[in-house]
Each structure stands twice: as structure tokens, then as C-alpha cells.
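Engineer: Below is a structure I'd like to ask you about.
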Amino acid sequence: MVKVGDIAPDFEALDHNGETFKLSNLRGRYVVLYFYPKAMTSGCTREGIRFNELLEEFKKLGVEVVGASTDPVDVNRKFAEKYDFKFKLLSDTRGVIARAYGVLREDSFTAERTTFIIDPEGRIRAILSNIRPAEKHADEALRIVKELVGTKT
């Protein structure tokens with residue numbers, strides 16, 4: 001797995017709208033990249049809803065929130081539409097991105113629930129793994145981002 005202080009592996013993937021997303025295009029701003037195991041499952045749904053609820057707070061801080069899973073584009077599209085997610089969900093159907101970040105479960109071919117906070121220079125500043133309940137990933141990511149940009153919670 002990549003470590004805090006490492007440069008975040010760059011990648012390209014299709015988002016839930018079928019558009020190409022490239023991580024390095026977000027250089028110059030903070031990015032919260034969260035991996036979730038499977039769209040439409042209870043934990044992933046709660047996690048996505050909580051990121052969506054906090055999205056305006058992330059945006060006020062200049063932070064881009066992006067979700068990623070091994071689900072195909074059409075599944076992520078349905079997931080985003082059903083819950084009205086206002087951020088991108090990326091499809092990593094070959095597991096290339098999850099493998100690069102060290103979060104691919106080879107046995108089930110799903111990503112581990114892990115959130116990476118990436119700074120404007122592209123360096124990983126924090127890693128949150130398997131926090132329970134799943135939706136706490138969003139709250140903890142927001143708390144850390146606020147610390148990093150100098151705004152206390």
C-alpha cells in the first residue's frame with residue numbers, strides 16, 4: 001500500500017457518466033479519494049450519502065471528493081443517480097487503480113474501504129482504513145482536511 005508522504009499514483013478512469021477522469025488534472029487542490037467495495041450495498045450507500053451530505057463543506061475548502069470501486073460504469077451511474085451523488089464515482093473494472101494504491105482484495109476483486117487525502121502537490125497526507133461505521137470516513141476526512149488547510153473543526 002502507498003504510505004503517507006508518497007506521491008499519489010496517477011491514473012485515468014471512466015467516471016459514472018462515462019467521461020475520462022485523470023487524477024493529475026486536480027493538481028493544485030486537495031483531493032479526497034475514497035475506495036468503496038461495492039455500489040448499492042448498505043455500508044457503501046451510507047458512506048456515499050455522508051460524503052454527499054458534507055460535499056458543500058469540502059467544496060468550500062477547495063476539496064474535490066472522488067469515489068472509486070471495481071464496479072462497472074453502468075452500476076456506478078445507477079448508484080449515483082439513485083442517491084443523487086454530486087461527486088464522481090470512478091470505475092476501476094480491472095483493479096488497476098485499487099492495486100496501485102494497495103487496496104485491492106484479490107479474492108473478491110473489490111476494493112478495501114480506504115480513504116486517501118491528497119494535497120495540492122499530489123502527495124498523500126492521510127490514509128483512513130476500514131473506519132466503522134462506513135459513513136465516518138467522510139466525517140474523519142473532513143476533519144483532517146480542515147486541519148491541513150488551517151481551518152479547525
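Ligands are numbered from 1 in the order shown, chains are lettered A, B, ... in the order of the C-alpha cells, and residues start at 1 in each chain.
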Determine, counting only C-alpha atoms, which protein, DNA and RNA residues have an atom within 12 Å of an atom of A:Arg99; residues of the same chain fewer than 3 positions away are not included. Present the result as a PDB file with C-alpha atoms, in the first residue's frame.
Structural biologist:
```pdb
ATOM      1  CA  MET A   1       0.000   0.000   0.000  1.00  0.00           C
ATOM      2  CA  VAL A   2       1.135   3.532  -0.628  1.00  0.00           C
ATOM      3  CA  PRO A   9      -0.240   7.197  -8.132  1.00  0.00           C
ATOM      4  CA  PHE A  11      -4.412   7.240 -13.131  1.00  0.00           C
ATOM      5  CA  PHE A  35     -12.403   3.455  -2.334  1.00  0.00           C
ATOM      6  CA  SER A  69     -14.731   0.942  -6.945  1.00  0.00           C
ATOM      7  CA  THR A  70     -14.305  -2.057  -9.205  1.00  0.00           C
ATOM      8  CA  ASP A  92     -11.804   0.528 -11.854  1.00  0.00           C
ATOM      9  CA  THR A  93     -13.081  -2.658 -13.503  1.00  0.00           C
ATOM     10  CA  ARG A  94      -9.590  -4.117 -13.992  1.00  0.00           C
ATOM     11  CA  GLY A  95      -8.469  -3.237 -10.459  1.00  0.00           C
ATOM     12  CA  VAL A  96      -5.527  -1.198 -11.746  1.00  0.00           C
ATOM     13  CA  GLY A 102      -2.651  -1.292  -2.373  1.00  0.00           C
ATOM     14  CA  VAL A 103      -6.341  -1.701  -1.560  1.00  0.00           C
ATOM     15  CA  LEU A 104      -7.490  -4.414  -3.990  1.00  0.00           C
ATOM     16  CA  ARG A 105      -8.825  -7.576  -2.387  1.00  0.00           C
ATOM     17  CA  GLU A 106      -7.759 -10.109  -4.982  1.00  0.00           C
ATOM     18  CA  PHE A 109     -11.937  -8.392  -6.599  1.00  0.00           C
ATOM     19  CA  THR A 110     -13.278  -5.481  -4.563  1.00  0.00           C
ATOM     20  CA  ALA A 111     -11.505  -2.507  -3.032  1.00  0.00           C
ATOM     21  CA  GLU A 112     -10.934  -2.235   0.693  1.00  0.00           C
TER      22      GLU A 112
END
```
Engineer: Check stretch 44-149 of chain A with DSSP on the backbone and list each residue it calls alpha helix (DSSP H), as a ChimeraX atom specification.
Structural biologist: /A:44-53,55-60,73-83,96-101,136-149
Engineer: Could you write those residues out with N, CA and C atoms, as a compact mmCIF listing (two decimals), in the first residue's frame?
Structural biologist:
```txt
# COMPACT_ATOMS: atom_id res chain seq x y z
N CYS A 44 -21.61 0.96 1.75
CA CYS A 44 -21.16 1.86 0.69
C CYS A 44 -22.21 2.94 0.42
N THR A 45 -23.48 2.58 0.56
CA THR A 45 -24.54 3.57 0.38
C THR A 45 -24.47 4.62 1.48
N ARG A 46 -24.36 4.18 2.73
CA ARG A 46 -24.28 5.14 3.84
C ARG A 46 -23.05 6.04 3.70
N GLU A 47 -21.93 5.44 3.30
CA GLU A 47 -20.70 6.21 3.11
C GLU A 47 -20.87 7.26 2.02
N GLY A 48 -21.41 6.86 0.88
CA GLY A 48 -21.63 7.80 -0.22
C GLY A 48 -22.59 8.91 0.14
N ILE A 49 -23.67 8.56 0.83
CA ILE A 49 -24.64 9.58 1.26
C ILE A 49 -23.97 10.58 2.18
N ARG A 50 -23.13 10.12 3.09
CA ARG A 50 -22.47 11.04 4.03
C ARG A 50 -21.48 11.95 3.31
N PHE A 51 -20.72 11.41 2.35
CA PHE A 51 -19.84 12.29 1.56
C PHE A 51 -20.68 13.33 0.83
N ASN A 52 -21.82 12.93 0.31
CA ASN A 52 -22.71 13.86 -0.41
C ASN A 52 -23.24 14.93 0.54
N GLU A 53 -23.62 14.54 1.75
CA GLU A 53 -24.12 15.50 2.74
C GLU A 53 -23.06 16.54 3.11
N LEU A 55 -20.52 17.42 1.14
CA LEU A 55 -19.83 17.88 -0.06
C LEU A 55 -19.65 19.39 -0.11
N GLU A 56 -20.65 20.15 0.28
CA GLU A 56 -20.52 21.62 0.24
C GLU A 56 -19.41 22.10 1.18
N GLU A 57 -19.25 21.44 2.32
CA GLU A 57 -18.17 21.82 3.23
C GLU A 57 -16.81 21.52 2.59
N PHE A 58 -16.70 20.36 1.94
CA PHE A 58 -15.46 20.04 1.22
C PHE A 58 -15.20 21.08 0.13
N LYS A 59 -16.23 21.42 -0.63
CA LYS A 59 -16.07 22.38 -1.74
C LYS A 59 -15.64 23.75 -1.24
N LYS A 60 -16.18 24.19 -0.10
CA LYS A 60 -15.80 25.50 0.46
C LYS A 60 -14.31 25.54 0.79
N VAL A 73 -19.14 1.08 -15.07
CA VAL A 73 -19.71 2.42 -15.22
C VAL A 73 -21.22 2.40 -15.03
N ASP A 74 -21.93 1.48 -15.65
CA ASP A 74 -23.39 1.49 -15.56
C ASP A 74 -23.88 1.27 -14.14
N VAL A 75 -23.19 0.45 -13.37
CA VAL A 75 -23.57 0.22 -11.97
C VAL A 75 -23.32 1.50 -11.16
N ASN A 76 -22.16 2.13 -11.36
CA ASN A 76 -21.87 3.37 -10.65
C ASN A 76 -22.83 4.48 -11.06
N ARG A 77 -23.23 4.50 -12.34
CA ARG A 77 -24.20 5.51 -12.80
C ARG A 77 -25.53 5.34 -12.06
N LYS A 78 -26.00 4.12 -11.98
CA LYS A 78 -27.27 3.85 -11.27
C LYS A 78 -27.15 4.22 -9.79
N PHE A 79 -26.01 3.92 -9.20
CA PHE A 79 -25.73 4.23 -7.79
C PHE A 79 -25.77 5.75 -7.58
N ALA A 80 -25.07 6.48 -8.44
CA ALA A 80 -25.02 7.95 -8.33
C ALA A 80 -26.39 8.56 -8.55
N GLU A 81 -27.12 8.05 -9.52
CA GLU A 81 -28.46 8.59 -9.81
C GLU A 81 -29.44 8.30 -8.69
N LYS A 82 -29.42 7.08 -8.18
CA LYS A 82 -30.36 6.68 -7.13
C LYS A 82 -30.21 7.56 -5.89
N TYR A 83 -28.98 7.91 -5.55
CA TYR A 83 -28.74 8.68 -4.32
C TYR A 83 -28.35 10.13 -4.60
N VAL A 96 -6.84 -1.84 -11.58
CA VAL A 96 -5.53 -1.20 -11.75
C VAL A 96 -5.30 -0.11 -10.69
N ILE A 97 -6.30 0.71 -10.45
CA ILE A 97 -6.16 1.82 -9.51
C ILE A 97 -6.07 1.28 -8.08
N ALA A 98 -7.00 0.41 -7.73
CA ALA A 98 -7.00 -0.17 -6.38
C ALA A 98 -5.70 -0.90 -6.11
N ARG A 99 -5.18 -1.59 -7.11
CA ARG A 99 -3.91 -2.32 -6.95
C ARG A 99 -2.76 -1.31 -6.74
N ALA A 100 -2.76 -0.21 -7.50
CA ALA A 100 -1.70 0.80 -7.37
C ALA A 100 -1.68 1.43 -5.98
N TYR A 101 -2.88 1.54 -5.37
CA TYR A 101 -2.98 2.12 -4.02
C TYR A 101 -2.87 1.06 -2.93
N LYS A 136 -18.41 7.19 8.66
CA LYS A 136 -17.46 8.01 9.42
C LYS A 136 -16.22 8.38 8.59
N HIS A 137 -15.99 7.68 7.48
CA HIS A 137 -14.88 8.05 6.60
C HIS A 137 -15.03 9.50 6.16
N ALA A 138 -16.25 9.91 5.82
CA ALA A 138 -16.49 11.27 5.35
C ALA A 138 -16.22 12.29 6.45
N ASP A 139 -16.73 12.02 7.63
CA ASP A 139 -16.53 12.96 8.75
C ASP A 139 -15.06 13.08 9.12
N GLU A 140 -14.37 11.95 9.16
CA GLU A 140 -12.95 11.97 9.52
C GLU A 140 -12.12 12.65 8.42
N ALA A 141 -12.46 12.40 7.16
CA ALA A 141 -11.75 13.05 6.06
C ALA A 141 -11.94 14.56 6.13
N LEU A 142 -13.15 15.01 6.42
CA LEU A 142 -13.39 16.46 6.53
C LEU A 142 -12.60 17.05 7.69
N ARG A 143 -12.57 16.36 8.81
CA ARG A 143 -11.82 16.86 9.97
C ARG A 143 -10.34 17.02 9.62
N ILE A 144 -9.78 16.03 8.95
CA ILE A 144 -8.35 16.08 8.60
C ILE A 144 -8.09 17.18 7.57
N VAL A 145 -8.94 17.29 6.59
CA VAL A 145 -8.75 18.34 5.57
C VAL A 145 -8.80 19.72 6.21
N LYS A 146 -9.72 19.91 7.14
CA LYS A 146 -9.81 21.21 7.84
C LYS A 146 -8.50 21.51 8.57
N GLU A 147 -7.92 20.50 9.19
CA GLU A 147 -6.62 20.69 9.87
C GLU A 147 -5.54 21.05 8.86
N LEU A 148 -5.54 20.35 7.74
CA LEU A 148 -4.50 20.57 6.75
C LEU A 148 -4.57 21.95 6.11
N VAL A 149 -5.77 22.47 5.91
CA VAL A 149 -5.89 23.79 5.30
C VAL A 149 -5.95 24.90 6.35
```
Engineer: Can you tell me how far atom CA of A:Pro37 sits from atom CA of A:Gly67, in Å to one decimal?
Structural biologist: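 So the answer is 10.4 Å.
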Engineer: Can you pull out the residues contacting A:Asp119? Cut-off 8 Å, using only C-alpha atoms, and skip same-chain residues under 5 positions away; I want them as a PyMOL selection string.
Structural biologist: chain A and resi 28-31+124-125
Engineer: List every residue of chain A that DSSP, applied to the backbone, labels as strand (DSSP E), and write the result as a PyMOL selection string.
Structural biologist: chain A and resi 12-15+20-22+30-35+63-69+88-91+104-105+110-111+114-118+124-129
Engineer: Under the rule that only C-alpha atoms are counted, which of A:Lys38, A:Glu64, A:Ile131, A:Leu90 is the nearest residue to A:Ile117?
Structural biologist: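 Selected residue with least distance to A:Ile117: A:Glu64.
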Engineer: From the set A:Lys22, A:Lys3, A:Lys88, A:Arg113, which residue has the shortest atom-to-atom contact distance to A:Tyr36, counting only C-alpha atoms?
Structural biologist: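 Residue with the minimum atom-to-atom distance to A:Tyr36: A:Arg113.
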Engineer: For atom CA of A:Pro120 and atom CA of A:Ala39, quote the distance in Å rounded to one decimal.
Structural biologist: 28.3 Å
